[in-house]
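Participant: File name work.txt; file contents compact mmCIF, C-alpha atoms; full text below.
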```txt
# COMPACT_ATOMS: atom_id res chain seq x y z
CA MET A 253 -29.55 0.74 17.45
CA ALA A 254 -26.09 0.81 15.88
CA PRO A 255 -25.89 2.06 12.29
CA ALA A 256 -25.55 -0.52 9.54
CA PRO A 257 -21.89 -1.32 8.89
CA ALA A 258 -20.26 0.27 5.89
CA VAL A 259 -18.00 -2.77 5.56
CA SER A 260 -18.03 -6.23 7.09
CA VAL A 261 -14.83 -8.21 7.68
CA VAL A 262 -15.21 -12.00 7.67
CA VAL A 263 -12.39 -14.08 9.18
CA PRO A 264 -12.30 -17.89 9.31
CA THR A 265 -10.36 -18.86 12.44
CA ARG A 266 -8.88 -21.88 14.13
CA ASN A 267 -6.23 -21.75 16.86
CA GLY A 268 -5.02 -18.36 15.74
CA ILE A 269 -3.89 -16.99 19.08
CA ASP A 270 -0.39 -16.15 17.79
CA THR A 271 -1.55 -13.78 15.04
CA LEU A 272 -5.26 -13.06 15.46
CA PRO A 273 -4.95 -10.35 18.15
CA ALA A 274 -2.70 -8.26 15.86
CA LEU A 275 -5.19 -8.62 12.99
CA LEU A 276 -8.17 -7.59 15.11
CA GLU A 277 -6.29 -4.64 16.58
CA ALA A 278 -5.26 -3.48 13.11
CA ILE A 279 -8.85 -3.69 11.83
CA ARG A 280 -10.13 -1.56 14.72
CA ALA A 281 -7.33 0.98 14.12
CA GLN A 282 -8.28 1.63 10.50
CA ARG A 283 -8.96 5.18 9.38
CA TYR A 284 -12.24 4.54 7.62
CA ASP A 285 -15.40 6.59 7.23
CA GLY A 286 -18.12 4.26 8.49
CA ARG A 287 -18.69 1.41 10.92
CA VAL A 288 -16.68 -1.77 10.40
CA GLU A 289 -18.26 -5.06 11.45
CA ILE A 290 -16.12 -8.10 12.30
CA VAL A 291 -17.62 -11.57 11.81
CA ALA A 292 -15.53 -14.65 12.68
CA VAL A 293 -16.27 -18.25 11.75
CA ASP A 294 -14.35 -20.40 14.22
CA SER A 295 -13.89 -24.12 13.59
CA GLY A 296 -13.10 -25.59 16.97
CA SER A 297 -10.30 -23.45 18.41
CA THR A 298 -8.79 -24.73 21.66
CA ASP A 299 -5.99 -22.21 22.26
CA GLY A 300 -7.82 -19.15 23.57
CA THR A 301 -8.91 -17.84 20.18
CA ALA A 302 -12.56 -18.03 21.25
CA ASN A 303 -11.91 -15.69 24.18
CA VAL A 304 -10.11 -13.18 21.95
CA LEU A 305 -13.01 -13.22 19.49
CA ALA A 306 -15.60 -12.83 22.24
CA ASN A 307 -14.00 -9.52 23.19
CA ALA A 308 -13.19 -8.18 19.73
CA ALA A 309 -15.63 -9.55 17.13
CA ASP A 310 -19.19 -8.36 16.58
CA GLN A 311 -20.33 -11.88 15.84
CA VAL A 312 -18.74 -15.31 16.26
CA ILE A 313 -20.11 -18.32 14.40
CA ARG A 314 -18.91 -21.70 15.62
CA ILE A 315 -18.67 -24.79 13.43
CA ALA A 316 -17.12 -28.22 13.89
CA PRO A 317 -13.61 -28.63 12.45
CA GLU A 318 -14.82 -31.35 10.10
CA ASP A 319 -17.45 -28.98 8.67
CA PHE A 320 -14.89 -26.46 7.44
CA ASP A 321 -14.96 -25.91 3.67
CA HIS A 322 -13.04 -23.10 1.96
CA GLY A 323 -16.04 -22.01 -0.06
CA LEU A 324 -19.04 -22.87 2.14
CA THR A 325 -17.50 -21.58 5.37
CA ARG A 326 -16.86 -18.21 3.74
CA ASN A 327 -20.42 -18.22 2.39
CA LEU A 328 -21.67 -18.76 5.93
CA GLY A 329 -19.68 -15.81 7.23
CA VAL A 330 -20.80 -13.53 4.41
CA SER A 331 -24.44 -14.56 4.86
CA ARG A 332 -24.34 -13.61 8.54
CA SER A 333 -22.64 -10.26 7.92
CA SER A 334 -24.43 -7.04 6.97
CA GLY A 335 -22.17 -4.77 4.93
CA ALA A 336 -22.73 -4.09 1.24
CA LEU A 337 -18.99 -4.65 0.89
CA VAL A 338 -17.43 -7.69 2.59
CA VAL A 339 -13.73 -8.08 3.28
CA LEU A 340 -12.46 -11.66 3.44
CA THR A 341 -9.16 -12.27 5.17
CA VAL A 342 -7.31 -14.91 7.15
CA GLN A 343 -6.21 -14.95 10.76
CA ASP A 344 -2.50 -14.48 10.02
CA ALA A 345 -2.69 -11.66 7.45
CA VAL A 346 -2.02 -8.42 9.32
CA PRO A 347 -2.76 -5.03 7.69
CA ALA A 348 0.45 -3.05 7.26
CA SER A 349 -1.10 0.39 7.80
CA ASP A 350 -4.22 2.17 9.02
CA THR A 351 -5.21 2.96 5.41
CA TRP A 352 -5.36 -0.69 4.30
CA LEU A 353 -9.15 -0.93 4.41
CA ALA A 354 -9.82 2.31 2.54
CA ALA A 355 -7.41 1.28 -0.21
CA LEU A 356 -8.91 -2.21 -0.50
CA VAL A 357 -12.53 -1.09 -0.92
CA GLU A 358 -11.73 1.89 -3.17
CA PRO A 359 -11.99 0.00 -6.50
CA LEU A 360 -15.47 -1.24 -5.57
CA ARG A 361 -16.64 2.16 -4.34
CA ARG A 362 -15.36 3.87 -7.48
CA HIS A 363 -16.46 1.38 -10.16
CA ASP A 364 -19.80 -0.42 -10.06
CA GLU A 365 -18.61 -3.14 -12.44
CA VAL A 366 -15.88 -4.30 -10.04
CA ALA A 367 -17.11 -7.39 -8.18
CA GLY A 368 -14.01 -7.88 -6.06
CA ALA A 369 -10.58 -6.53 -5.25
CA PHE A 370 -7.60 -8.19 -3.58
CA ALA A 371 -4.70 -6.81 -1.57
CA ARG A 372 -0.96 -6.90 -1.95
CA GLN A 373 0.94 -9.35 0.25
CA VAL A 374 4.42 -8.80 1.66
CA PRO A 375 6.34 -11.51 3.57
CA ARG A 376 6.88 -11.57 7.30
CA SER A 377 10.24 -10.30 8.51
CA ASP A 378 11.27 -13.84 9.52
CA ALA A 379 10.18 -15.50 6.26
CA SER A 380 12.59 -17.91 4.61
CA GLY A 381 14.15 -17.18 1.26
CA VAL A 382 12.01 -19.86 -0.36
CA ALA A 383 8.83 -18.34 1.11
CA ARG A 384 9.84 -14.88 -0.11
CA ALA A 385 10.60 -16.12 -3.63
CA SER A 386 7.41 -18.16 -3.79
CA LEU A 387 5.28 -15.17 -2.83
CA ALA A 388 7.15 -12.91 -5.26
CA GLY A 389 5.94 -15.09 -8.13
CA TRP A 390 2.26 -14.54 -7.33
CA VAL A 391 0.17 -11.66 -8.69
CA ALA A 392 -0.67 -10.51 -5.16
CA ALA A 393 2.97 -9.53 -4.58
CA GLY A 394 2.92 -6.96 -7.38
CA THR A 395 2.97 -3.18 -7.04
CA VAL A 396 0.99 -2.12 -10.12
CA PRO A 397 -2.80 -1.81 -9.84
CA ARG A 398 -4.88 -3.59 -12.43
CA THR A 399 -8.50 -4.21 -13.36
CA VAL A 400 -9.35 -7.19 -15.55
CA ARG A 401 -12.52 -8.18 -17.37
CA LEU A 402 -13.55 -10.42 -20.26
CA ARG A 403 -15.31 -9.48 -23.47
CA ASP A 404 -16.93 -12.93 -23.50
CA ALA A 405 -16.30 -16.56 -22.58
CA GLY A 406 -14.45 -17.09 -25.84
CA GLU A 407 -11.72 -14.69 -24.76
CA LEU A 408 -10.84 -16.86 -21.75
CA ALA A 409 -11.02 -20.06 -23.79
CA ALA A 410 -8.58 -18.63 -26.34
CA MET A 411 -5.90 -18.02 -23.69
CA VAL A 412 -3.18 -20.54 -22.88
CA PRO A 413 -3.79 -22.24 -19.50
CA MET A 414 -1.34 -20.19 -17.38
CA GLU A 415 -2.69 -16.98 -18.90
CA ARG A 416 -6.19 -18.02 -17.81
CA LEU A 417 -4.98 -18.35 -14.22
CA SER A 418 -3.22 -14.99 -14.32
CA HIS A 419 -6.31 -13.31 -15.73
CA CYS A 420 -8.54 -14.85 -13.03
CA ALA A 421 -6.12 -14.19 -10.16
CA PHE A 422 -7.87 -13.41 -6.89
CA ASP A 423 -6.77 -14.14 -3.33
CA ASN A 424 -8.91 -14.48 -0.22
CA VAL A 425 -5.84 -14.08 1.97
CA CYS A 426 -7.18 -10.53 1.79
CA SER A 427 -9.95 -9.48 -0.57
CA CYS A 428 -13.15 -7.45 -0.73
CA ILE A 429 -16.27 -8.60 -2.55
CA ARG A 430 -19.54 -6.89 -3.40
CA ARG A 431 -22.43 -8.53 -1.56
CA ALA A 432 -24.85 -8.04 -4.47
CA THR A 433 -22.51 -9.98 -6.78
CA TRP A 434 -21.87 -12.69 -4.18
CA GLN A 435 -25.62 -13.26 -3.84
CA ASP A 436 -25.71 -14.23 -7.52
CA HIS A 437 -22.34 -15.99 -7.42
CA PRO A 438 -21.57 -17.50 -4.00
CA PHE A 439 -18.34 -19.39 -3.44
CA ARG A 440 -18.29 -23.01 -4.54
CA SER A 441 -17.79 -25.90 -2.14
CA THR A 442 -14.14 -26.83 -2.55
CA PRO A 443 -11.11 -28.04 -0.56
CA ILE A 444 -9.00 -25.25 -2.08
CA GLY A 445 -9.07 -22.45 -4.66
CA GLU A 446 -12.48 -20.97 -3.87
CA ASP A 447 -11.11 -17.51 -4.64
CA ILE A 448 -9.83 -18.14 -8.17
CA ALA A 449 -12.94 -20.19 -9.00
CA TRP A 450 -15.12 -17.28 -7.85
CA ALA A 451 -13.11 -14.80 -9.91
CA ARG A 452 -13.52 -17.00 -12.96
CA ASP A 453 -17.28 -17.19 -12.40
CA VAL A 454 -17.81 -13.45 -11.98
CA LEU A 455 -15.53 -12.55 -14.89
CA LEU A 456 -17.49 -14.90 -17.15
CA ALA A 457 -20.67 -13.22 -15.87
CA GLY A 458 -19.41 -9.84 -17.10
CA HIS A 459 -17.98 -8.32 -13.92
CA ALA A 460 -14.45 -7.03 -13.30
CA ILE A 461 -11.75 -7.95 -10.75
CA ALA A 462 -9.26 -5.41 -9.38
CA PHE A 463 -5.88 -5.67 -7.70
CA ALA A 464 -5.30 -2.93 -5.08
CA PRO A 465 -1.56 -2.88 -4.24
CA GLU A 466 -1.93 0.14 -1.94
CA ALA A 467 -3.83 -2.19 0.41
CA VAL A 468 -1.00 -4.19 1.99
CA VAL A 469 -1.07 -7.13 4.39
CA ILE A 470 1.88 -8.93 5.95
CA HIS A 471 1.47 -12.61 5.20
CA SER A 472 3.73 -15.58 4.44
CA HIS A 473 4.16 -19.15 5.59
CA ASP A 474 6.91 -21.64 6.36
CA ARG A 475 4.75 -24.69 6.95
CA SER A 476 5.56 -28.38 7.22
CA LEU A 477 6.63 -30.39 4.19
CA ARG A 478 3.62 -32.67 4.64
CA TYR A 479 1.24 -29.70 4.58
CA GLU A 480 2.93 -28.12 1.57
CA TYR A 481 2.80 -31.38 -0.39
CA ALA A 482 -0.92 -31.91 0.35
CA ARG A 483 -1.81 -28.30 -0.43
CA THR A 484 0.10 -28.33 -3.71
CA ARG A 485 -1.46 -31.66 -4.70
CA ASP A 486 -5.02 -30.43 -4.07
CA LEU A 487 -4.36 -27.08 -5.72
CA HIS A 488 -3.01 -28.58 -8.91
CA ALA A 489 -5.92 -30.99 -9.23
CA ARG A 490 -8.14 -27.92 -8.98
CA LEU A 491 -6.07 -25.90 -11.47
CA LEU A 492 -6.59 -28.63 -14.05
CA ASP A 493 -10.35 -28.46 -13.50
CA LEU A 494 -10.54 -24.68 -13.73
CA PHE A 495 -7.90 -23.70 -16.26
CA ASP A 496 -6.56 -26.91 -17.85
CA ILE A 497 -3.17 -26.37 -16.16
CA ARG A 498 -0.91 -29.38 -15.77
CA THR A 499 2.61 -28.25 -14.97
CA ILE A 500 4.36 -31.63 -14.50
CA PRO A 501 2.62 -34.30 -16.60
CA THR A 502 5.29 -37.06 -16.68
CA LEU A 503 7.81 -38.72 -14.39
CA ARG A 504 10.61 -37.38 -16.56
CA ASP A 505 9.25 -33.86 -16.05
CA LEU A 506 9.05 -34.56 -12.31
CA ALA A 507 12.70 -35.64 -12.10
CA ARG A 508 13.79 -32.57 -14.03
CA ALA A 509 11.67 -30.27 -11.85
CA VAL A 510 13.05 -31.69 -8.60
CA THR A 511 16.63 -31.27 -9.80
CA VAL A 512 16.19 -27.70 -11.01
CA THR A 513 14.16 -26.69 -7.94
CA ALA A 514 16.71 -28.15 -5.52
CA VAL A 515 19.48 -26.05 -7.06
CA THR A 516 17.32 -22.92 -6.94
CA HIS A 517 16.15 -23.48 -3.36
CA ALA A 518 19.70 -24.07 -2.18
CA GLN A 519 20.59 -20.64 -3.52
CA TRP A 520 17.63 -19.00 -1.76
CA ASP A 521 18.19 -20.63 1.66
CA ARG A 522 21.89 -21.44 2.17
CA THR A 523 21.96 -21.40 5.98
CA PRO A 524 22.29 -24.81 7.67
CA GLY A 525 19.12 -24.22 9.67
CA ARG A 526 16.98 -23.67 6.59
CA LEU A 527 18.68 -25.66 3.84
CA PRO A 528 17.12 -29.07 4.74
CA ARG A 529 13.59 -27.69 4.54
CA ALA A 530 14.37 -25.83 1.31
CA LEU A 531 15.59 -29.08 -0.26
CA GLY A 532 12.57 -30.92 1.11
CA LEU A 533 10.27 -28.42 -0.59
CA ALA A 534 12.18 -29.02 -3.81
CA VAL A 535 10.68 -32.51 -3.69
CA ALA A 536 7.31 -31.78 -2.03
CA TRP A 537 6.20 -29.03 -4.41
CA PRO A 538 7.01 -30.75 -7.74
CA LEU A 539 5.65 -34.07 -6.42
CA GLY A 540 2.43 -32.34 -5.36
CA GLN A 541 2.11 -30.80 -8.82
CA TYR A 542 2.65 -34.16 -10.51
CA ILE A 543 0.26 -36.15 -8.28
CA GLY A 544 -2.37 -33.40 -8.28
CA GLY A 545 -2.32 -33.08 -12.05
CA ARG A 546 -2.54 -36.84 -12.44
CA ARG A 547 -5.50 -37.05 -10.05
CA GLY A 548 -7.28 -34.25 -11.88
CA ALA A 549 -6.66 -35.91 -15.24
CA ARG A 550 -7.95 -39.28 -14.03
CA ARG A 551 -11.04 -37.65 -12.56
CA ARG A 552 -11.67 -35.93 -15.87
CA GLN A 553 -11.24 -39.23 -17.74
CA ARG A 554 -13.68 -41.01 -15.45
CA ALA A 555 -16.23 -38.25 -15.94
CA SER A 556 -15.89 -38.48 -19.72
CA GLY A 557 -15.89 -42.30 -19.82
CA GLU A 558 -12.43 -42.43 -21.40
CA PRO A 559 -10.02 -45.26 -20.45
CA PRO A 560 -7.37 -44.19 -17.90
CA CYS A 561 -3.94 -43.21 -19.17
CA ALA A 562 -0.70 -44.68 -17.82
CA SER A 563 0.84 -41.40 -16.63
```
Output the file's structure as structure tokens, nothing else.
Facilitator:
Amino acid sequence: MAPAPAVSVVVPTRNGIDTLPALLEAIRAQRYDGRVEIVAVDSGSTDGTANVLANAADQVIRIAPEDFDHGLTRNLGVSRSSGALVVLTVQDAVPASDTWLAALVEPLRRHDEVAGAFARQVPRSDASGVARASLAGWVAAGTVPRTVRLRDAGELAAMVPMERLSHCAFDNVCSCIRRATWQDHPFRSTPIGEDIAWARDVLLAGHAIAFAPEAVVIHSHDRSLRYEYARTRDLHARLLDLFDIRTIPTLRDLARAVTVTAVTHAQWDRTPGRLPRALGLAVAWPLGQYIGGRRGARRRQRASGEPPCAS
């Protein structure tokens, strides 16, 4: 019988043939003291991903595409894994070195109060200027390690909304969680933001969250305008729920944001091949923020019984 894994790696997959082999190879190449288990949750791949997983993963769980949920699908993968520490990553985040895993789990091995740690992200070599700048603004692009905790719930409530998000930053693009904590605080069912919601929950429960910048993954996206709009819309509805964040509350704010963002994006991606998309994102992202915030506010009003506002 094989020894129990020291760490399990859970990867949700779907049609990841372009990037998944590099991720799996990098996991197996890690210099780590102990067995590493790979568990994949595949939601209907049709591009050969299933064959790759059959040869490289210890366990493959198959679900229907319509059953995918950012929180519940990850819960399924964690529940079927065995390690006391569980790494959560995505199929297109490739470890940058063979010490990635050791660096990622180190905060949890060293400090019992740390419930989770997340890795640093660096952009792909072919990433657009807009993608590079967008990633640079997120905590996971930093280079300074940190460990955050809360004295009590009142401390989080006293923060301004954006400070709450920064304090609860966590990113399942590449993270490690402690199974014992997850058993008490599983991920919530949600279309987006399961990671920051989980961090908020465990911080309020008295645990700590660490950022491990020595654990580096290569990860960035240049996705369609339609996808970016929908993702931004859903995320900002969720940010209002979790942290009371509403970045663009009025149409006047939206017009101003589109104008300012278009100028900035044009500076980041000047080449003719990339400029149209950069300008498209200057509309898609602010519009997603406005619509998402409005949806979240209306949902909150319905729940409270208040009459809807005109914004």
Participant: Can you pull out every residue within 7 Å of stretch 427-441 of chain A, counting all atoms listed in the file, but drop anything in the same chain fewer than 2 positions away, and send it as a count of residues only?
Facilitator: 24
Participant: My list of candidates is A:Ala518, A:Ile448, A:Ala460, A:Leu539. Which is closest to A:Phe495 when distances are computed with all atoms listed in the file?
Facilitator: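 Ranked by minimum distance to A:Phe495, first place goes to A:Ile448.
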Participant: Show me the residues close to (-6.5, -33.3, -11.0) - anything with an atom within 7 Å, counting only C-alpha atoms - and format the list as number ranges by chain.
Facilitator: A: 488-490, 492-493, 544-551
Participant: Extending 8 Å beyond the listed atoms of stretch 532-543 of chain A on each side, what axis-aligned box results? I want centre and edge lengths in Å to one decimal, as AutoDock Vina command-line options.
Facilitator:
```
--center_x 6.4 --center_y -32.3 --center_z -4.7 --size_x 28.3 --size_y 23.7 --size_z 27.6
```
Participant: Could you pull out every residue with an atom within 12 Å of (0.1, -5.9, -14.4), file coordinates, counting only C-alpha atoms, and send them as a list in words?
Facilitator: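 Protein and nucleic acid residues near the point are Trp390, Val391, Ala392, Ala393, Gly394, Thr395, Val396, Pro397, Arg398, Thr399, Val400, Ser418, His419, Ala421, Ala462, Phe463, Ala464 and Pro465 of chain A.
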Participant: Go through A:Pro273, A:Gly381, A:Pro317, A:Gly335 and flag the residue nearest A:Leu527, using all atoms listed in the file for the distances.
Facilitator: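 Nearest candidate to A:Leu527 out of A:Pro273, A:Gly381, A:Pro317, A:Gly335: A:Gly381.
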Participant: Counting only C-alpha atoms, which residue out of A:Gly445, A:Pro347, A:Gly525, A:Gly329 sits closest to A:Leu275?
Facilitator: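 Looking at the shortest contact to A:Leu275, the residue is A:Pro347.
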Participant: Quick one: residues within 9 Å of A:Ala536, only C-alpha atoms counted, chain neighbours fewer than 6 positions away excluded, as a ChimeraX atom specification?
Facilitator: /A:477-478,480-482,484,510
Participant: From the options A:Asn307, A:Thr351, A:Val412, A:His471, which residue's atoms come nearest to A:Thr271, counting only C-alpha atoms?
Facilitator: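 Residue with the minimum atom-to-atom distance to A:Thr271: A:His471.
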Participant: Expressed in Å to a single decimal, how great is the separation between atom CA of A:Arg280 and atom CA of A:Val366?
Facilitator: 25.6 Å
